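As provided, entry30.pdb (PDB, C-alpha atoms) reads as follows.
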ATOM      1  CA  MET A   1    -210.924 157.774-109.245
ATOM      2  CA  ILE A   2    -212.743 160.137-106.875
ATOM      3  CA  LYS A   3    -211.794 163.366-105.147
ATOM      4  CA  VAL A   4    -211.786 163.155-101.354
ATOM      5  CA  VAL A   5    -211.410 166.200 -99.157
ATOM      6  CA  VAL A   6    -209.688 164.649 -96.166
ATOM      7  CA  GLY A   7    -208.736 166.323 -92.919
ATOM      8  CA  ASN A   8    -209.791 167.528 -89.518
ATOM      9  CA  ASN A   9    -211.042 170.677 -87.792
ATOM     10  CA  VAL A  10    -207.835 172.511 -88.606
ATOM     11  CA  GLU A  11    -206.682 171.309 -91.987
ATOM     12  CA  LYS A  12    -208.358 169.910 -95.084
ATOM     13  CA  ARG A  13    -206.860 168.922 -98.406
ATOM     14  CA  PRO A  14    -208.240 167.357-101.567
ATOM     15  CA  VAL A  15    -206.704 164.099-102.740
ATOM     16  CA  ILE A  16    -207.578 161.812-105.618
ATOM     17  CA  VAL A  17    -207.942 158.135-104.759
ATOM     18  CA  ASP A  18    -209.482 155.040-106.273
ATOM     19  CA  GLU A  19    -213.015 154.382-105.035
ATOM     20  CA  THR A  20    -212.060 150.796-104.143
ATOM     21  CA  ARG A  21    -209.699 152.063-101.417
ATOM     22  CA  THR A  22    -210.822 151.771 -97.815
ATOM     23  CA  LEU A  23    -211.484 154.897 -95.783
ATOM     24  CA  ARG A  24    -208.849 153.801 -93.259
ATOM     25  CA  SER A  25    -206.123 153.467 -95.894
ATOM     26  CA  VAL A  26    -206.748 156.983 -97.188
ATOM     27  CA  LEU A  27    -206.759 158.451 -93.676
ATOM     28  CA  GLU A  28    -203.496 156.705 -92.798
ATOM     29  CA  GLU A  29    -201.854 157.729 -96.061
ATOM     30  CA  ASN A  30    -202.718 161.346 -95.281
ATOM     31  CA  GLU A  31    -201.687 161.042 -91.620
ATOM     32  CA  ILE A  32    -205.124 161.891 -90.238
ATOM     33  CA  GLU A  33    -205.577 160.788 -86.648
ATOM     34  CA  TYR A  34    -208.901 158.957 -86.630
ATOM     35  CA  SER A  35    -208.926 157.756 -83.045
ATOM     36  CA  LYS A  36    -209.394 161.125 -81.403
ATOM     37  CA  GLY A  37    -212.604 162.398 -82.933
ATOM     38  CA  MET A  38    -215.735 161.418 -84.793
ATOM     39  CA  MET A  39    -215.180 160.487 -88.402
ATOM     40  CA  HIS A  40    -217.702 161.932 -90.829
ATOM     41  CA  LEU A  41    -218.278 160.984 -94.434
ATOM     42  CA  ASP A  42    -220.195 163.717 -96.237
ATOM     43  CA  GLY A  43    -221.491 164.955 -92.900
ATOM     44  CA  SER A  44    -222.685 161.585 -91.611
ATOM     45  CA  ALA A  45    -220.985 160.064 -88.593
ATOM     46  CA  LEU A  46    -219.284 156.764 -89.225
ATOM     47  CA  LYS A  47    -219.761 153.793 -86.907
ATOM     48  CA  ALA A  48    -217.171 151.314 -85.643
ATOM     49  CA  GLY A  49    -215.953 149.021 -88.402
ATOM     50  CA  GLU A  50    -216.997 151.349 -91.203
ATOM     51  CA  LEU A  51    -213.491 152.691 -91.728
ATOM     52  CA  ASP A  52    -212.620 149.382 -93.348
ATOM     53  CA  LYS A  53    -215.308 149.793 -95.988
ATOM     54  CA  THR A  54    -214.450 151.275 -99.360
ATOM     55  CA  PHE A  55    -215.749 154.515-100.820
ATOM     56  CA  ALA A  56    -217.547 152.401-103.430
ATOM     57  CA  ASP A  57    -219.324 150.532-100.594
ATOM     58  CA  PHE A  58    -220.782 153.873 -99.494
ATOM     59  CA  GLY A  59    -221.879 154.700-103.035
ATOM     60  CA  ILE A  60    -219.333 157.499-103.509
ATOM     61  CA  LYS A  61    -218.890 157.976-107.236
ATOM     62  CA  GLU A  62    -217.249 161.352-107.747
ATOM     63  CA  LYS A  63    -216.313 163.277-104.618
ATOM     64  CA  CYS A  64    -216.819 163.405-100.883
ATOM     65  CA  PHE A  65    -215.634 164.855 -97.596
ATOM     66  CA  LEU A  66    -213.925 162.566 -95.073
ATOM     67  CA  LEU A  67    -213.271 164.550 -91.931
ATOM     68  CA  SER A  68    -212.258 163.901 -88.346
ATOM     69  CA  VAL A  69    -214.276 166.194 -86.108
ATOM     70  CA  VAL A  70    -212.982 166.772 -82.597
ATOM     71  CA  LYS A  71    -215.484 168.446 -80.272
ATOM     72  CA  THR A  72    -213.777 171.158 -78.259
ATOM     73  CA  ASP A  73    -216.836 172.895 -76.781
ATOM     74  CA  ASN A  74    -215.645 172.290 -73.243
ATOM     75  CA  ALA A  75    -212.093 173.418 -73.858
ATOM     76  CA  LEU A  76    -212.614 176.758 -72.176
ATOM     77  CA  LYS A  77    -210.126 178.660 -70.108
TER      78      LYS A  77
ATOM     79  CA  MET B   1    -202.668 158.786-127.349
ATOM     80  CA  ALA B   2    -205.416 156.868-125.638
ATOM     81  CA  LYS B   3    -208.248 155.696-127.888
ATOM     82  CA  VAL B   4    -211.946 154.990-127.363
ATOM     83  CA  THR B   5    -213.627 152.215-129.329
ATOM     84  CA  ILE B   6    -217.402 151.808-129.161
ATOM     85  CA  LEU B   7    -219.051 148.517-130.072
ATOM     86  CA  GLY B   8    -222.713 148.086-129.263
ATOM     87  CA  ASP B   9    -223.237 149.147-125.661
ATOM     88  CA  ALA B  10    -219.571 148.941-124.697
ATOM     89  CA  ALA B  11    -217.076 151.783-124.819
ATOM     90  CA  VAL B  12    -213.490 150.675-124.333
ATOM     91  CA  VAL B  13    -210.802 153.190-123.411
ATOM     92  CA  VAL B  14    -207.372 151.850-124.337
ATOM     93  CA  SER B  15    -204.272 153.593-123.041
ATOM     94  CA  LYS B  16    -201.070 154.015-125.027
ATOM     95  CA  LEU B  17    -199.300 152.399-122.073
ATOM     96  CA  LYS B  18    -199.086 148.780-121.022
ATOM     97  CA  LEU B  19    -200.888 147.800-117.824
ATOM     98  CA  ASP B  20    -197.638 146.386-116.428
ATOM     99  CA  ASP B  21    -195.849 149.677-117.126
ATOM    100  CA  ILE B  22    -198.444 151.637-115.152
ATOM    101  CA  LYS B  23    -198.009 149.122-112.301
ATOM    102  CA  MET B  24    -194.241 149.642-112.447
ATOM    103  CA  VAL B  25    -194.554 153.427-112.172
ATOM    104  CA  GLU B  26    -197.182 153.015-109.436
ATOM    105  CA  LYS B  27    -194.688 150.937-107.456
ATOM    106  CA  TYR B  28    -191.553 153.058-107.855
ATOM    107  CA  ARG B  29    -192.688 156.593-108.732
ATOM    108  CA  PRO B  30    -196.411 156.965-107.853
ATOM    109  CA  ALA B  31    -196.122 160.766-107.898
ATOM    110  CA  GLU B  32    -195.512 160.630-111.671
ATOM    111  CA  LEU B  33    -199.034 159.305-112.185
ATOM    112  CA  VAL B  34    -200.575 162.510-110.877
ATOM    113  CA  LEU B  35    -201.290 165.605-112.935
ATOM    114  CA  LYS B  36    -201.137 168.726-110.800
ATOM    115  CA  GLY B  37    -202.511 172.182-111.412
ATOM    116  CA  GLY B  38    -204.491 174.892-109.679
ATOM    117  CA  GLU B  39    -203.227 178.321-108.688
ATOM    118  CA  ASP B  40    -200.113 177.066-106.932
ATOM    119  CA  GLY B  41    -199.579 174.098-109.239
ATOM    120  CA  LYS B  42    -199.791 171.716-106.285
ATOM    121  CA  GLU B  43    -203.410 170.618-106.428
ATOM    122  CA  GLU B  44    -204.062 167.122-107.758
ATOM    123  CA  ILE B  45    -206.370 167.400-110.742
ATOM    124  CA  PHE B  46    -206.062 163.990-112.396
ATOM    125  CA  LYS B  47    -204.532 160.652-111.445
ATOM    126  CA  ILE B  48    -204.118 157.248-113.027
ATOM    127  CA  GLY B  49    -203.534 153.918-111.381
ATOM    128  CA  THR B  50    -204.298 150.221-111.439
ATOM    129  CA  VAL B  51    -206.916 148.213-109.579
ATOM    130  CA  ALA B  52    -207.806 144.558-109.127
ATOM    131  CA  GLY B  53    -211.264 144.892-110.687
ATOM    132  CA  GLU B  54    -212.679 146.331-113.892
ATOM    133  CA  GLY B  55    -211.419 149.853-113.419
ATOM    134  CA  SER B  56    -213.106 153.148-114.155
ATOM    135  CA  ILE B  57    -212.514 156.489-115.814
ATOM    136  CA  GLY B  58    -213.947 159.819-114.807
ATOM    137  CA  LYS B  59    -213.405 163.467-114.094
ATOM    138  CA  TYR B  60    -210.661 162.942-111.527
ATOM    139  CA  GLY B  61    -208.788 159.983-112.913
ATOM    140  CA  ALA B  62    -208.603 156.594-114.512
ATOM    141  CA  SER B  63    -208.089 153.221-112.853
ATOM    142  CA  PHE B  64    -207.058 150.414-115.166
ATOM    143  CA  GLY B  65    -207.769 146.840-114.216
ATOM    144  CA  ARG B  66    -207.616 145.002-117.513
ATOM    145  CA  LYS B  67    -205.322 144.742-120.527
ATOM    146  CA  THR B  68    -205.887 144.149-124.223
ATOM    147  CA  ARG B  69    -205.697 140.557-125.384
ATOM    148  CA  ASP B  70    -203.087 141.099-128.099
ATOM    149  CA  GLU B  71    -199.331 140.968-127.483
ATOM    150  CA  GLU B  72    -199.244 144.710-126.742
ATOM    151  CA  GLU B  73    -201.218 144.208-123.476
ATOM    152  CA  LYS B  74    -202.230 147.862-123.260
ATOM    153  CA  ALA B  75    -204.142 149.037-120.220
ATOM    154  CA  MET B  76    -207.864 149.346-120.847
ATOM    155  CA  VAL B  77    -211.147 150.031-119.117
ATOM    156  CA  THR B  78    -214.625 149.133-120.371
ATOM    157  CA  ILE B  79    -217.610 151.379-119.734
ATOM    158  CA  CYS B  80    -221.291 150.687-120.480
ATOM    159  CA  VAL B  81    -222.833 153.099-122.954
ATOM    160  CA  ASP B  82    -226.029 154.801-121.786
ATOM    161  CA  PRO B  83    -228.745 152.946-123.761
ATOM    162  CA  GLU B  84    -230.781 156.209-124.132
ATOM    163  CA  VAL B  85    -227.977 157.912-126.049
ATOM    164  CA  GLU B  86    -228.526 158.594-129.742
ATOM    165  CA  ASP B  87    -225.251 160.225-130.752
ATOM    166  CA  VAL B  88    -222.783 157.914-129.078
ATOM    167  CA  LYS B  89    -219.676 159.791-130.280
ATOM    168  CA  GLU B  90    -220.927 163.023-128.732
ATOM    169  CA  TRP B  91    -221.787 161.142-125.548
ATOM    170  CA  ALA B  92    -218.283 159.674-125.387
ATOM    171  CA  ALA B  93    -216.681 163.074-126.070
ATOM    172  CA  ASP B  94    -218.714 164.629-123.241
ATOM    173  CA  LYS B  95    -218.082 161.772-120.842
ATOM    174  CA  PHE B  96    -214.389 161.107-121.520
ATOM    175  CA  GLY B  97    -213.100 164.244-123.232
ATOM    176  CA  CYS B  98    -211.528 165.870-120.184
ATOM    177  CA  ALA B  99    -210.196 162.568-118.871
ATOM    178  CA  LEU B 100    -208.643 161.711-122.232
ATOM    179  CA  ASN B 101    -206.870 165.073-122.445
ATOM    180  CA  CYS B 102    -205.363 164.567-118.989
ATOM    181  CA  LEU B 103    -204.513 160.948-119.755
ATOM    182  CA  ASN B 104    -202.693 162.011-122.919
ATOM    183  CA  LYS B 105    -200.566 164.499-120.958
ATOM    184  CA  LEU B 106    -199.529 161.798-118.480
ATOM    185  CA  GLU B 107    -198.887 159.252-121.236
ATOM    186  CA  GLU B 108    -196.448 161.667-122.911
ATOM    187  CA  LYS B 109    -194.101 161.842-119.952
ATOM    188  CA  LEU B 110    -194.330 158.276-118.604
ATOM    189  CA  PRO B 111    -192.071 156.543-121.186
ATOM    190  CA  GLU B 112    -189.125 158.644-119.946
ATOM    191  CA  VAL B 113    -190.047 157.827-116.334
ATOM    192  CA  LEU B 114    -190.107 154.122-117.218
ATOM    193  CA  ARG B 115    -186.642 154.363-118.775
ATOM    194  CA  GLU B 116    -185.311 155.984-115.601
ATOM    195  CA  ILE B 117    -186.917 153.310-113.413
ATOM    196  CA  GLU B 118    -185.419 150.559-115.575
ATOM    197  CA  THR B 119    -181.959 152.164-115.391
ATOM    198  CA  GLU B 120    -182.183 152.358-111.609
ATOM    199  CA  ARG B 121    -183.389 148.757-111.387
ATOM    200  CA  GLN B 122    -180.481 147.568-113.508
ATOM    201  CA  GLN B 123    -178.064 149.412-111.233
ATOM    202  CA  VAL B 124    -179.619 147.753-108.173
ATOM    203  CA  LEU B 125    -179.585 144.329-109.834
ATOM    204  CA  ALA B 126    -175.898 144.775-110.623
ATOM    205  CA  GLN B 127    -175.255 145.117-106.896
ATOM    206  CA  ILE B 128    -176.940 141.845-106.071
ATOM    207  CA  SER B 129    -175.162 138.547-106.405
ATOM    208  CA  VAL B 130    -176.495 135.127-105.571
ATOM    209  CA  ALA B 131    -174.088 132.837-103.762
ATOM    210  CA  GLN B 132    -174.459 129.198-104.741
TER     211      GLN B 132
END
Starting from the coordinates I provided, produce the structure as structure tokens.
Amino acid sequence: MIKVVVGNNVEKRPVIVDETRTLRSVLEENEIEYSKGMMHLDGSALKAGELDKTFADFGIKEKCFLLSVVKTDNALK
Amino acid sequence: MAKVTILGDAAVVVSKLKLDDIKMVEKYRPAELVLKGGEDGKEEIFKIGTVAGEGSIGKYGASFGRKTRDEEEKAMVTICVDPEVEDVKEWAADKFGCALNCLNKLEEKLPEVLREIETERQQVLAQISVAQ
């Protein structure tokens, strides 16, 4: 089992999951919208298709951050 | 209580629970497999579950993928011992100590959870009839 801090710009929470789970399954279980921002795993942007890889595939052995980052720089009044 | 047996370069962690029992709780009451703590008592600190492969055990949880070969069929996970280690008992205590403490706490409450699940299943089965 590994600890994953999952979330987005606004909210993050730690969850414990098995490292053989896919990134997509953990995001869906925690109701994180992954289509509206860039997904980052430990600060590195994920490419298309990588959400269906497991944490073990990425070499995650203990803990990581899996965050959806939405850029709002242009959202000015 | 879970036990650790070391033979050669293999350390085997055997749970008090059967693999099938953990699968049953995972299916019907997955929240009971999580130990919570922290300041507000809501943070997940340890979790157990089952996997298709070998399994693993660590700081945040244990995944069981295999069972013992006797009739008890207890859940187990096999770990390779670090070949550089001299005092293997100390190594195992350092590596698994925290996990074993948390596993023991979960193992204490799960038999009651299993009884409740079985009672509920029997009630559901009583409502099902098969027409010939």
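The result of the PyMOL selection byres ((chain B) within 10 of (chain A)) on the shown file is Val34, Glu43, Glu44, Ile45, Phe46, Lys47, Ile48, Gly49, Thr50, Val51, Ala52, Gly53, Gly55, Ser56, Ile57, Gly58, Lys59, Tyr60, Gly61, Ala62 and Ser63 of chain B.
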Residue by residue, what does the PyMOL selection byres ((chain B and resi 82) around 10) grab here? Present the result as a PyMOL selection string. chain B and resi 9-11+79-81+83-86+88+91-92
Residues within 9 Å of A:Gly43, all atoms listed in the file, excluding chain neighbours under 3 positions, as JSON, numbers by chain: {"A": [39, 40, 65, 66, 67]}
Carefully work through the PyMOL selection byres ((chain A and resi 34) around 10) for this structure and note down the residues it includes, as a CSV table (one decimal) with C-alpha atoms, in the coordinates of the input.
chain,number,residue,atom,x,y,z
A,7,GLY,CA,-208.7,166.3,-92.9
A,8,ASN,CA,-209.8,167.5,-89.5
A,24,ARG,CA,-208.8,153.8,-93.3
A,27,LEU,CA,-206.8,158.5,-93.7
A,28,GLU,CA,-203.5,156.7,-92.8
A,31,GLU,CA,-201.7,161.0,-91.6
A,32,ILE,CA,-205.1,161.9,-90.2
A,33,GLU,CA,-205.6,160.8,-86.6
A,35,SER,CA,-208.9,157.8,-83.0
A,36,LYS,CA,-209.4,161.1,-81.4
A,37,GLY,CA,-212.6,162.4,-82.9
A,38,MET,CA,-215.7,161.4,-84.8
A,39,MET,CA,-215.2,160.5,-88.4
A,51,LEU,CA,-213.5,152.7,-91.7
A,67,LEU,CA,-213.3,164.6,-91.9
A,68,SER,CA,-212.3,163.9,-88.3
A,69,VAL,CA,-214.3,166.2,-86.1
A,70,VAL,CA,-213.0,166.8,-82.6
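Atom CA of B:Lys16 sits 5.2 Å away from atom CA of B:Ala2.
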Residues near B:Lys74, cut-off 10 Å, only C-alpha atoms, skip fewer than 5 positions along chain, as a PyMOL selection string: chain B and resi 2+14-22+64+66-69
At a cut-off of 8 Å, using only C-alpha atoms, what residues contact stretch 111-116 of chain B? Leave out same-chain residues fewer than 4 positions from it and give the result as a PyMOL selection string. chain B and resi 21+24-25+32+107+120
Padded axis-aligned box of stretch 44-60 of chain B (5 Å per side), centre and edge lengths, Å, one decimal, as AutoDock Vina command-line options:
--center_x -208.7 --center_y 156.0 --center_z -111.8 --size_x 20.4 --size_y 32.8 --size_z 18.1
Report, in Å with one decimal, the straight-line distance from atom CA of B:Arg29 to atom CA of B:Lys42.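 The value is 16.9 Å.
Going from atom CA of A:Glu11 to atom CA of B:Leu33 covers 24.7 Å.
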